[in-house]
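Q: Input start-v4.txt, format and content: compact mmCIF, C-alpha atoms and all ligand atoms.
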```
# COMPACT_ATOMS: atom_id res chain seq x y z
CA MET A 62 122.28 119.57 95.00
CA VAL A 63 119.07 118.05 93.57
CA ASP A 64 116.12 120.45 93.58
CA ILE A 65 113.04 118.58 94.84
CA LEU A 66 110.97 120.21 92.05
CA SER A 67 113.20 118.63 89.39
CA LEU A 68 111.63 115.22 90.09
CA PRO A 69 108.60 115.02 87.74
CA THR A 70 106.27 113.57 90.41
CA VAL A 71 106.76 116.58 92.70
CA PRO A 72 105.06 119.29 90.55
CA GLU A 73 102.42 116.71 89.67
CA LEU A 74 101.69 116.12 93.38
CA ILE A 75 101.60 119.88 94.06
CA ARG A 76 99.08 120.37 91.24
CA THR A 77 96.95 117.53 92.64
CA ALA A 78 97.12 118.94 96.19
CA GLU A 79 96.01 122.36 94.92
CA ASP A 80 93.09 120.86 93.01
CA MET A 81 92.06 118.94 96.14
CA TYR A 82 92.26 122.12 98.22
CA ARG A 83 90.17 124.08 95.71
CA LEU A 84 87.51 121.39 95.73
CA GLY A 85 87.21 121.83 99.49
CA TRP A 86 88.59 118.38 100.24
CA ASN A 87 91.58 119.56 102.29
CA GLU A 88 90.85 122.25 104.81
CA ARG A 89 93.68 123.56 107.02
CA ASN A 90 96.41 120.89 107.30
CA SER A 91 94.14 117.94 106.53
CA GLY A 92 94.91 115.19 104.10
CA ASN A 93 98.06 113.49 102.94
CA ILE A 94 99.52 112.01 99.76
CA SER A 95 102.30 109.52 99.10
CA CYS A 96 103.72 108.21 95.82
CA LEU A 97 106.16 105.35 95.33
CA LEU A 98 108.67 106.62 92.79
CA SER A 99 109.54 104.68 89.65
CA GLN A 100 112.98 103.11 89.19
CA GLU A 101 113.79 105.78 86.64
CA GLU A 102 112.86 108.69 88.89
CA SER A 103 114.61 107.07 91.87
CA GLN A 104 117.91 107.05 89.97
CA HIS A 105 118.13 110.86 90.29
CA ILE A 106 118.37 110.59 94.07
CA ALA A 107 120.01 107.18 94.48
CA ASP A 108 123.35 108.66 95.54
CA ARG A 109 121.93 110.84 98.31
CA SER A 110 122.86 110.14 101.90
CA VAL A 111 120.41 109.75 104.74
CA ILE A 112 119.54 113.05 106.49
CA ARG A 113 117.23 111.71 109.23
CA THR A 114 115.53 108.40 110.00
CA PHE A 115 111.89 107.83 110.96
CA PRO A 116 111.04 104.42 112.48
CA LEU A 117 107.97 102.94 110.79
CA GLY A 118 106.94 100.77 113.71
CA LEU A 119 106.06 98.02 111.26
CA ALA A 120 107.79 95.76 108.77
CA ALA A 121 107.57 97.16 105.25
CA ASP A 122 109.67 94.48 103.55
CA GLY A 123 107.50 94.63 100.42
CA ILE A 124 108.76 98.14 99.65
CA ALA A 125 112.29 97.89 101.13
CA GLY A 126 114.70 99.95 99.07
CA ARG A 127 111.90 101.91 97.35
CA TYR A 128 111.78 105.70 97.34
CA MET A 129 108.54 107.38 98.39
CA LEU A 130 107.46 111.00 98.07
CA ILE A 131 105.20 111.95 101.00
CA THR A 132 103.54 115.06 102.46
CA SER A 133 104.65 116.31 105.86
CA THR A 134 102.61 116.38 109.02
CA GLY A 135 101.00 119.79 109.56
CA SER A 136 101.47 121.00 105.98
CA TYR A 137 98.66 122.88 104.26
CA PHE A 138 97.76 121.62 100.77
CA LYS A 139 97.06 125.20 99.73
CA ASN A 140 100.65 126.22 100.55
CA MET A 141 102.52 123.33 98.98
CA ARG A 142 103.73 125.28 95.95
CA ARG A 143 105.18 128.01 98.18
CA CYS A 144 107.34 125.71 100.31
CA PRO A 145 107.76 122.30 98.62
CA GLU A 146 111.09 121.66 100.41
CA ASP A 147 109.32 121.96 103.81
CA CYS A 148 105.97 120.34 102.95
CA LEU A 149 107.32 117.37 101.03
CA GLY A 150 109.95 114.75 101.69
CA ILE A 151 111.45 111.83 99.85
CA VAL A 152 112.21 108.85 102.02
CA ARG A 153 113.87 105.56 101.18
CA ILE A 154 112.44 102.52 102.93
CA SER A 155 115.44 100.90 104.63
CA ASP A 156 116.70 97.50 103.47
CA ASP A 157 115.27 95.84 106.59
CA GLY A 158 111.86 97.53 105.97
CA GLN A 159 111.84 99.09 109.47
CA ASN A 160 112.59 102.76 108.77
CA ALA A 161 111.87 105.63 106.42
CA GLU A 162 115.18 107.32 105.65
CA LEU A 163 114.90 110.96 104.60
CA VAL A 164 117.05 111.79 101.59
CA LEU A 165 115.46 115.05 100.37
CA GLY A 166 112.99 117.67 101.66
CA PHE A 167 111.31 118.06 105.08
CA GLU A 168 113.50 121.08 105.68
CA ASN A 169 113.00 123.04 108.90
CA GLY A 170 112.26 119.91 110.93
CA GLY A 171 109.41 118.45 108.86
CA ARG A 172 108.28 114.87 109.43
CA PRO A 173 106.08 112.48 107.42
CA THR A 174 102.29 112.70 107.81
CA SER A 175 100.75 111.28 110.98
CA GLU A 176 99.01 108.79 108.68
CA LEU A 177 102.33 107.23 107.64
CA PRO A 178 101.24 103.75 108.90
CA ALA A 179 98.05 103.83 106.78
CA HIS A 180 100.05 104.92 103.73
CA VAL A 181 102.83 102.35 104.09
CA MET A 182 100.44 99.48 104.85
CA SER A 183 98.14 100.49 101.97
CA HIS A 184 101.08 100.54 99.54
CA LEU A 185 102.05 97.04 100.71
CA SER A 186 98.50 95.73 100.22
CA ARG A 187 97.96 97.31 96.82
CA LEU A 188 101.29 96.08 95.44
CA GLU A 189 100.17 92.54 96.27
CA VAL A 190 97.23 92.91 93.89
CA ASP A 191 98.39 95.59 91.43
CA LYS A 192 101.98 95.69 90.15
CA GLY A 193 101.48 99.18 88.68
CA HIS A 194 100.26 100.68 91.97
CA SER A 195 102.01 103.86 93.15
CA VAL A 196 99.73 106.47 94.78
CA VAL A 197 97.80 106.68 98.08
CA LEU A 198 95.86 109.86 98.81
CA HIS A 199 93.66 110.92 101.70
CA CYS A 200 91.21 113.83 101.98
CA HIS A 201 87.96 115.02 103.59
CA PRO A 202 85.31 115.52 100.84
CA ALA A 203 82.14 116.94 102.39
CA ASN A 204 79.51 114.77 100.70
CA ILE A 205 81.24 111.46 101.39
CA MET A 206 81.61 112.52 105.02
CA ALA A 207 77.96 113.64 105.20
CA MET A 208 76.78 110.38 103.70
CA THR A 209 78.45 108.38 106.49
CA TYR A 210 76.05 110.04 108.97
CA VAL A 211 72.88 109.04 107.14
CA HIS A 212 73.65 105.81 105.28
CA GLU A 213 74.28 102.32 106.66
CA LEU A 214 78.03 101.67 106.88
CA ASP A 215 78.00 98.46 104.89
CA ASP A 216 80.35 97.94 101.92
CA ALA A 217 77.72 96.36 99.68
CA LYS A 218 74.87 98.74 100.52
CA PHE A 219 77.07 101.85 100.35
CA SER A 220 78.57 100.81 96.99
CA HIS A 221 75.17 99.95 95.56
CA THR A 222 73.74 103.34 96.58
CA LEU A 223 76.72 105.20 95.06
CA TRP A 224 76.51 103.25 91.79
CA ARG A 225 72.87 104.31 91.45
CA MET A 226 73.71 108.02 91.89
CA CYS A 227 75.51 108.54 88.57
CA THR A 228 75.82 106.52 85.40
CA GLU A 229 79.63 106.54 85.37
CA GLY A 230 79.91 105.17 88.91
CA ILE A 231 79.90 101.46 88.16
CA ILE A 232 82.28 102.05 85.25
CA VAL A 233 84.85 104.00 87.32
CA PHE A 234 84.64 101.97 90.54
CA PRO A 235 83.19 98.55 89.61
CA ASP A 236 85.04 97.14 92.63
CA GLY A 237 82.83 99.31 94.87
CA VAL A 238 83.93 101.09 98.02
CA SER A 239 84.66 99.93 101.54
CA VAL A 240 83.48 101.81 104.62
CA LEU A 241 85.22 101.53 107.98
CA PRO A 242 83.39 102.41 111.18
CA TRP A 243 84.70 105.44 113.08
CA MET A 244 88.11 104.86 114.67
CA PRO A 245 90.80 107.21 115.98
CA CYS A 246 92.96 108.41 113.11
CA GLY A 247 96.77 108.43 112.94
CA THR A 248 96.98 104.98 114.56
CA LYS A 249 98.36 101.65 113.43
CA GLY A 250 94.89 100.18 114.06
CA ILE A 251 93.15 102.30 111.44
CA GLY A 252 96.14 101.82 109.14
CA ARG A 253 95.86 98.05 109.45
CA ALA A 254 92.07 98.08 108.91
CA THR A 255 92.48 100.32 105.83
CA ALA A 256 95.25 98.20 104.34
CA GLU A 257 93.22 95.02 104.92
CA LYS A 258 90.37 96.50 102.85
CA MET A 259 92.81 97.75 100.21
CA ARG A 260 93.41 94.15 99.10
CA GLU A 261 89.88 94.21 97.67
CA PHE A 262 89.09 97.92 97.19
CA ARG A 263 90.74 101.03 95.76
CA ILE A 264 88.52 103.28 97.87
CA VAL A 265 88.29 103.05 101.66
CA ILE A 266 86.00 105.52 103.43
CA TRP A 267 86.60 106.40 107.07
CA ALA A 268 83.21 107.13 108.62
CA HIS A 269 82.81 110.76 109.75
CA HIS A 270 86.38 111.52 108.66
CA GLY A 271 87.20 111.15 104.96
CA ILE A 272 88.41 108.87 102.23
CA TYR A 273 91.47 106.99 100.97
CA GLY A 274 91.95 106.45 97.25
CA VAL A 275 94.74 104.68 95.39
CA GLY A 276 95.95 104.31 91.83
CA SER A 277 98.85 103.88 89.48
CA THR A 278 99.02 107.65 88.92
CA LEU A 279 98.00 110.77 90.84
CA ASP A 280 95.34 111.54 88.22
CA GLU A 281 93.88 108.06 88.53
CA ALA A 282 93.63 108.17 92.34
CA PHE A 283 92.29 111.74 92.22
CA GLY A 284 89.72 110.91 89.52
CA LEU A 285 88.51 107.92 91.48
CA VAL A 286 87.87 110.01 94.61
CA GLU A 287 86.30 112.74 92.47
CA THR A 288 83.81 110.29 90.97
CA VAL A 289 82.89 108.78 94.34
CA GLU A 290 82.44 112.27 95.82
CA LYS A 291 80.19 113.31 92.90
CA ALA A 292 78.00 110.24 93.49
CA ALA A 293 77.83 111.09 97.22
CA GLN A 294 76.88 114.67 96.32
CA ILE A 295 73.95 113.47 94.21
CA PHE A 296 72.87 111.24 97.10
CA MET A 297 73.00 114.15 99.55
CA LEU A 298 71.10 116.40 97.11
CA THR A 299 68.34 113.88 96.53
CA SER A 300 68.09 111.47 99.46
CA HIS A 301 65.48 113.61 101.28
CA LEU A 302 63.35 113.95 98.13
CA PRO A 303 60.98 111.39 96.63
CA HIS A 304 62.83 109.47 93.92
CA ILE A 305 60.48 109.06 91.00
CA ASN A 306 63.23 107.88 88.63
CA THR A 307 66.33 105.81 89.26
CA ILE A 308 69.18 103.79 87.78
CA SER A 309 67.87 100.26 88.25
CA ASP A 310 69.86 97.10 88.94
CA ALA A 311 69.09 96.04 85.36
CA ASN A 312 70.56 99.35 84.15
CA LEU A 313 73.71 98.72 86.23
CA ALA A 314 74.12 95.26 84.68
CA GLU A 315 73.62 96.77 81.23
CA LEU A 316 76.30 99.42 81.86
CA ALA A 317 78.76 96.78 83.07
CA GLU A 318 78.13 94.80 79.90
CA VAL A 319 78.45 97.78 77.54
CA PHE A 320 81.69 98.95 79.18
CA ASP A 321 82.94 95.44 79.85
CA VAL A 322 83.66 95.96 83.54
CA ALA A 323 83.80 93.19 86.13
CA TYR A 324 81.75 94.61 88.98
CA ARG A 325 80.92 93.23 92.42
CA LYS A 326 77.74 91.39 91.43
CA ASP A 327 77.29 90.35 95.07
CA PHE A 328 76.77 94.04 95.97
CA ILE A 329 73.63 94.34 93.85
CA LYS A 330 71.50 91.93 95.82
CA SER A 331 71.49 94.22 98.87
O1 LIG B 1 95.39 116.08 109.31
O2 LIG B 1 93.78 114.25 107.56
O3 LIG B 1 93.76 112.02 108.95
C1 LIG B 1 95.76 115.02 108.51
C2 LIG B 1 94.62 114.10 108.39
C3 LIG B 1 94.60 113.02 109.36
ZN ZN B 2 92.13 112.96 107.59
```
Do you think you could lay out the structure here as structure tokens?
A:
Amino acid sequence: MVDILSLPTVPELIRTAEDMYRLGWNERNSGNISCLLSQEESQHIADRSVIRTFPLGLAADGIAGRYMLITSTGSYFKNMRRCPEDCLGIVRISDDGQNAELVLGFENGGRPTSELPAHVMSHLSRLEVDKGHSVVLHCHPANIMAMTYVHELDDAKFSHTLWRMCTEGIIVFPDGVSVLPWMPCGTKGIGRATAEKMREFRIVIWAHHGIYGVGSTLDEAFGLVETVEKAAQIFMLTSHLPHINTISDANLAELAEVFDVAYRKDFIKS
């Protein structure tokens, strides 16, 4: 019997979930994380039979046969270490791309997160543009959420404002962020809209709800969200005060040159 904790990505995900909880990003049962497992890690579970099947309701041919670690619906990030076998599951995407086949975890009737469509579709989009892609995470950081009430929901304007809030911004997310208008969550519609934006962005913000971040590792996706949230925090701390100093567009261009990052130049004109 394989212990779910023996797969290296599992303790790594639990650590990430706990950090997210402590930062106040994942109240109650909010948020979800999924990781596509490497070939090497997948070999440990390749001989396991299917325990239950969850229809995806979409064609995930691009990840057919891949194993994915994913959080369960209703699970609390703060409790993940106490009950990893209940809160986490490993599914194999069926050969026809139509189903998620449970091979480990989700004990006591657990099911994948309600945001499964957004996760699967985002993985498909990111793999088209980034071969090393593996992680999708979702959470509710307060300052990003607050900012969507007081800032125009425009990709260029939102990205430009965030870049100007901390020096490291344009270096960490030179591709900017995308902001979706409010939509009901847990639907294929929001999943499709998120995945569409994921072809161009590694951060997609859901207005008045939260944020999606992606990366090749859990640390990378986490660090990306952390940096965007810090920029949003500075905005929320200062937007009601007179700005007598700022990071100018010339400063942004200078940073991009010093750190050799290809940023969305078209976002600066806004
Ligand atoms: O409760 O965060 O978006 C899980 C969520 C749904
Ligand atoms: Zn959410």
Q: How would you report the residues lying within 12 Å of ligand LIG 1 (chain B), as an MDAnalysis selection string, if you count all atoms listed in the file?
A: chainID A and resid 86:94 132:138 173:180 198:202 243:248 251:252 266:273
Q: Within 12 Å of Val196 in chain A, counting only C-alpha atoms, which residues qualify if same-chain residues fewer than 4 places away don't, as a PyMOL selection string?
A: chain A and resi 70+73-74+77+93-99+129-131+180-181+183-185+187-188+191-192+263+273-283+285
Q: With a distance cut-off of 10 Å and only C-alpha atoms, select the neighbouring residues of Asp216 in chain A, excluding the residue or stretch itself and same-chain residues fewer than 4 positions from it, and output the selection as a ChimeraX atom specification.
A: /A:220-221,237-241,262,265-266,328
Q: Those same residues, written as a PDB file, keeping the file's coordinate frame with C-alpha atoms?
A:
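File written: result35.pdb
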```pdb
ATOM      1  CA  SER A 220      78.570 100.810  96.990  1.00  0.00           C
ATOM      2  CA  HIS A 221      75.170  99.950  95.560  1.00  0.00           C
ATOM      3  CA  GLY A 237      82.830  99.310  94.870  1.00  0.00           C
ATOM      4  CA  VAL A 238      83.930 101.090  98.020  1.00  0.00           C
ATOM      5  CA  SER A 239      84.660  99.930 101.540  1.00  0.00           C
ATOM      6  CA  VAL A 240      83.480 101.810 104.620  1.00  0.00           C
ATOM      7  CA  LEU A 241      85.220 101.530 107.980  1.00  0.00           C
ATOM      8  CA  PHE A 262      89.090  97.920  97.190  1.00  0.00           C
ATOM      9  CA  VAL A 265      88.290 103.050 101.660  1.00  0.00           C
ATOM     10  CA  ILE A 266      86.000 105.520 103.430  1.00  0.00           C
ATOM     11  CA  PHE A 328      76.770  94.040  95.970  1.00  0.00           C
TER      12      PHE A 328
END
```
Q: So how many Å separate CA of Gly126 in chain A and CA of Val197 in chain A, to one decimal?
A: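 It comes out at 18.2 Å.
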Q: Between A:Thr228, A:Asn140, A:Ser103, A:Thr288, which one has atoms that come closest to Asn312 in chain A, using all atoms listed in the file?
A: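 The closest residue to Asn312 in chain A is A:Thr228.
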Q: Do a neighbour search on Lys326 in chain A at 12 Å with all atoms listed in the file, toss out local chain neighbours closer than 5 positions, and write the hits as a list in words.
A: Ala217, Ser220, His221, Trp224, Ile231, Pro235, Asp236, Gly237, Asp310, Ala311, Leu313, Ala314, Ala317 and Ser331 of chain A
Q: Quick one: write out the picked residues with C-alpha atoms as a PDB file, in the coordinates of the input?
A:
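Dumped everything to out_0.pdb:
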```
ATOM      1  CA  ALA A 217      77.720  96.360  99.680  1.00  0.00           C
ATOM      2  CA  SER A 220      78.570 100.810  96.990  1.00  0.00           C
ATOM      3  CA  HIS A 221      75.170  99.950  95.560  1.00  0.00           C
ATOM      4  CA  TRP A 224      76.510 103.250  91.790  1.00  0.00           C
ATOM      5  CA  ILE A 231      79.900 101.460  88.160  1.00  0.00           C
ATOM      6  CA  PRO A 235      83.190  98.550  89.610  1.00  0.00           C
ATOM      7  CA  ASP A 236      85.040  97.140  92.630  1.00  0.00           C
ATOM      8  CA  GLY A 237      82.830  99.310  94.870  1.00  0.00           C
ATOM      9  CA  ASP A 310      69.860  97.100  88.940  1.00  0.00           C
ATOM     10  CA  ALA A 311      69.090  96.040  85.360  1.00  0.00           C
ATOM     11  CA  LEU A 313      73.710  98.720  86.230  1.00  0.00           C
ATOM     12  CA  ALA A 314      74.120  95.260  84.680  1.00  0.00           C
ATOM     13  CA  ALA A 317      78.760  96.780  83.070  1.00  0.00           C
ATOM     14  CA  SER A 331      71.490  94.220  98.870  1.00  0.00           C
TER      15      SER A 331
END
```
Q: So the first atom is CA of Glu162 in chain A and the second is CA of Ala254 in chain A; what is the distance between them in Å, to one decimal place?
A: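 Interatomic distance here is 25.1 Å.
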Q: Thr307 in chain A: which residues within 10 Å, counting all atoms listed in the file, same-chain residues fewer than 5 positions away excluded, as a list in words?
A: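 Near Thr307 in chain A, the qualifying residues are Arg225, Met226, Cys227 and Asn312 of chain A.
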Q: Looking at A:Ile329, A:Ala107, A:Ile232, A:Leu223, which one is nearest to Met208 in chain A, with distances taken over only C-alpha atoms?
A: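 When distances to Met208 in chain A are compared using only C-alpha atoms, the smallest one comes from A:Leu223.
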Q: Go through A:Ser309, A:Thr209, A:Thr114, A:Ser186 one by one, measure the shortest atom-to-atom distance of each to Leu165 in chain A using all atoms listed in the file, and give the residue with the smallest value.
A: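 Going through A:Ser309, A:Thr209, A:Thr114, A:Ser186 one by one, the smallest distance to Leu165 in chain A is for A:Thr114.
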Q: In Å to one decimal, how far is CA of Cys148 in chain A from CA of Pro72 in chain A?
A: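 Straight-line distance from CA of Pro72 in chain A to CA of Cys148 in chain A works out to 12.5 Å.
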